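*Asks:* This is the structure I have questions about; it appears just below.
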Amino acid sequence: MTDTVAEQPTTPDLTRADARAVFVSHWYVGDPDRARTVLDEVTDVWRRAPWPEELLTFSCYLSVEGDTVMTYTQASGATAYRRFVGALPVAAARREPVEYRLHRSVLTELAAEPPGALVTAMFDVDGPERQRFIVDSIARRLEEAPADEHAGMIGSHFHTSVDGTRVTNFAEWTTDEAHVAFLEGGTRHGNLRVTQATPGVRPIGFRRYHLHRSLG
């Protein structure tokens with residue numbers, strides 16, 4: 001167990017090799033001030049609890065609209081995480097997450113830059129084969145696209161849910177404005193055509209977040 005956990009000044013490393021399990025929760029709060037209060041309450045509960053060694057990082061994000069919060073947790077295994085969360089005293093800190101594995105990352109020449117925004121693009125999919133297919137299709141398109149079509153993208157980190165039903169791309173960007181510019185470009189529209197034309201894959205949409213607090 002770790003008795004004290006430090007605040008991290010930066011976002012977690014989404015590519016770390018020892019993060020063999022990732023847990024993600026989203027929930028709608030509605031009011032930006034209330035959302036920040038909820039995130040602080042949840043983070044403080046996690047910070048005070050003795051962490052098992054398998055628990056690596058816990059990060060809270062607030063959507064740019066201020067109405068939705070997200071938690072992103074990295075662990076070296078799922079069992080200790082679930083036991084730890086089940087013992088937390090505040091219900092909001094125990095929200096049932098989706099369990100993911102990192103499947104593939106695409107890094108750009110900006111990989112060393114600090115992220116200014118995190119964008120989640122989510123897909124419902126019909127099973128593991130569809131997960132692998134759509135991740136590899138989008139990743140390949142990003143790798144082959146001209147750099148100016150995704151200027152400001154630091155990296156895209158494709159996660160697949162362990163139940164085979166979901167894919168989420170956690171894309172790190174230097175600024176909100178860089179992502180907004182990407183939305184108008186050919187690479188993004190090409191990716192949309194691929195996902196919309198692929199049987200067993202249904203785009204859910206995207207949301208842009210800023211880091212609120214991180215522990216590790």
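Chain identifiers are assigned as A, B, and so on, following the order in which chains appear in the structure tokens; residues are numbered from 1 within each chain, and ligands are numbered from 1 in order of appearance.
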Within chain A, find each residue whose DSSP state, derived from the backbone, is strand (DSSP E or B), and express the selection as a ChimeraX atom specification.
*Replies:* /A:2,7,21-28,51,55-63,68-75,98-107,117-125,153-161,166-173,201-215
*Asks:* Using only C-alpha atoms, which protein or nucleic acid residues come within 9 Å of Thr198 (chain A)? Drop anything in the same chain fewer than 5 positions from it, and give the result as a PyMOL selection string.
*Replies:* chain A and resi 130+134+193
*Asks:* Next, the residues of the selection above should be written as a short mmCIF file (atom, residue, chain, number, x, y, z; two decimals), in the first residue's frame with all heavy atoms.
*Replies:*
```
data_model
loop_
_atom_site.label_atom_id
_atom_site.label_comp_id
_atom_site.auth_asym_id
_atom_site.auth_seq_id
_atom_site.Cartn_x
_atom_site.Cartn_y
_atom_site.Cartn_z
N ARG A 130 -14.09 -6.21 -34.80
CA ARG A 130 -14.45 -4.86 -35.26
C ARG A 130 -13.62 -3.81 -34.52
O ARG A 130 -13.28 -2.77 -35.09
CB ARG A 130 -15.93 -4.61 -35.06
CG ARG A 130 -16.85 -5.43 -35.92
CD ARG A 130 -16.82 -4.98 -37.39
NE ARG A 130 -15.75 -5.62 -38.13
CZ ARG A 130 -15.47 -5.37 -39.42
NH1 ARG A 130 -16.19 -4.46 -40.07
NH2 ARG A 130 -14.48 -5.99 -40.02
N ILE A 134 -11.32 -1.23 -36.82
CA ILE A 134 -11.53 0.21 -36.93
C ILE A 134 -10.35 0.98 -36.33
O ILE A 134 -9.95 2.03 -36.85
CB ILE A 134 -12.87 0.63 -36.30
CG1 ILE A 134 -13.28 2.01 -36.82
CG2 ILE A 134 -12.81 0.61 -34.79
CD1 ILE A 134 -13.49 2.08 -38.32
N ARG A 193 -15.89 8.92 -42.92
CA ARG A 193 -16.42 8.09 -44.00
C ARG A 193 -16.10 6.62 -43.75
O ARG A 193 -16.93 5.73 -43.98
CB ARG A 193 -15.87 8.55 -45.35
CG ARG A 193 -16.46 9.87 -45.84
CD ARG A 193 -16.13 10.11 -47.30
NE ARG A 193 -14.70 10.31 -47.50
CZ ARG A 193 -14.10 11.50 -47.42
NH1 ARG A 193 -14.80 12.58 -47.14
NH2 ARG A 193 -12.80 11.61 -47.64
#
```
*Asks:* Which polymer residues have any atom within 7 Å of an atom of Leu118 (chain A), counting only C-alpha atoms, with same-chain residues fewer than 5 positions away left out, as a list of chain:residue names?
*Replies:*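 With the cut-off at 7 Å, the set is A:Phe170, A:Ala171, A:Glu172, A:Trp173, A:Arg208, A:Tyr209, A:His210.
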*Asks:* Which residues are near Val180 (chain A)? Cut-off 12 Å, only C-alpha atoms, ignore same chain within fewer than 5 positions. Put them as a VMD selection string.
*Replies:* chain A and resid 117 119 149 to 153 173 to 175 185 188 206 to 208
*Asks:* Under the rule that only C-alpha atoms are counted, which of A:Ala87, A:Val29, A:Ala112, A:Ala181 is the nearest residue to Ser63 (chain A)?
*Replies:* A:Val29
*Asks:* Give me, as a PyMOL selection string, all polymer residues having an atom no more than 10 Å from region 34-44 of chain A, counting only C-alpha atoms and skipping those fewer than 5 positions away in the same chain.
*Replies:* chain A and resi 7+27-29+49+58-63+66-71+88+90-95+212-215
*Asks:* Which of these, A:Val22, A:Ala139, A:Ile204, A:Ala197, has the shortest distance to Phe123 (chain A) once you count only C-alpha atoms?
*Replies:*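 Looking only at the distances to Phe123 (chain A), the closest residue turns out to be A:Ile204.
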*Asks:* Show which residues sit within 9 Å of Thr195 (chain A), as a VMD selection string. Count only C-alpha atoms, and ignore same-chain residues fewer than 3 positions away.
*Replies:* chain A and resid 123 134 137 to 138 190 to 192 198 to 199 201 to 203
*Asks:* For N, CA, C and O atoms, I'd like the residues from the last selection saved as a compact mmCIF listing (two decimals), in the first residue's frame.
*Replies:*
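Result file follows (out_12.txt):
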```txt
# COMPACT_ATOMS: atom_id res chain seq x y z
N PHE A 123 -16.75 5.05 -30.15
CA PHE A 123 -17.46 4.22 -31.12
C PHE A 123 -18.06 3.01 -30.40
O PHE A 123 -17.39 2.38 -29.57
N ILE A 134 -11.32 -1.23 -36.82
CA ILE A 134 -11.53 0.21 -36.93
C ILE A 134 -10.35 0.98 -36.33
O ILE A 134 -9.95 2.03 -36.85
N SER A 137 -7.58 0.83 -38.94
CA SER A 137 -7.93 1.62 -40.13
C SER A 137 -7.71 3.11 -39.88
O SER A 137 -7.10 3.81 -40.69
N ILE A 138 -8.19 3.61 -38.73
CA ILE A 138 -8.04 5.04 -38.43
C ILE A 138 -6.58 5.37 -38.16
O ILE A 138 -6.07 6.40 -38.62
N GLY A 190 -12.29 12.00 -43.82
CA GLY A 190 -12.00 10.67 -44.34
C GLY A 190 -12.21 9.60 -43.28
O GLY A 190 -12.75 8.52 -43.56
N ASN A 191 -11.78 9.88 -42.05
CA ASN A 191 -12.00 8.94 -40.96
C ASN A 191 -13.49 8.72 -40.71
O ASN A 191 -13.93 7.59 -40.44
N LEU A 192 -14.27 9.79 -40.80
CA LEU A 192 -15.71 9.65 -40.61
C LEU A 192 -16.32 8.76 -41.68
O LEU A 192 -17.17 7.91 -41.38
N THR A 198 -18.32 1.26 -42.23
CA THR A 198 -17.86 -0.03 -41.71
C THR A 198 -18.98 -0.72 -40.95
O THR A 198 -19.45 -0.20 -39.93
N PRO A 199 -19.42 -1.89 -41.39
CA PRO A 199 -20.46 -2.62 -40.64
C PRO A 199 -19.97 -2.96 -39.23
O PRO A 199 -18.81 -3.28 -39.02
N VAL A 201 -19.74 -0.90 -36.73
CA VAL A 201 -19.10 0.24 -36.07
C VAL A 201 -20.05 1.43 -36.13
O VAL A 201 -20.52 1.80 -37.21
N ARG A 202 -20.31 2.05 -34.97
CA ARG A 202 -21.24 3.18 -34.91
C ARG A 202 -20.60 4.33 -34.14
O ARG A 202 -20.43 4.23 -32.90
N PRO A 203 -20.22 5.41 -34.84
CA PRO A 203 -19.63 6.55 -34.13
C PRO A 203 -20.61 7.15 -33.13
O PRO A 203 -21.80 7.33 -33.43
```
*Asks:* Would you pick out the contacts of region 156-159 of chain A at 8 Å or less, using only C-alpha atoms, so that residues sharing its chain but fewer than 3 positions from it are not included, and give the list as number ranges by chain?
*Replies:* A: 14-15, 100-107, 135, 153, 167-172
*Asks:* Please run DSSP on the backbone and report, as a ChimeraX atom specification, all residues within region 70-141 of chain A that come out as helix (DSSP H, G or I).
*Replies:* /A:78-86,91-94,128-141
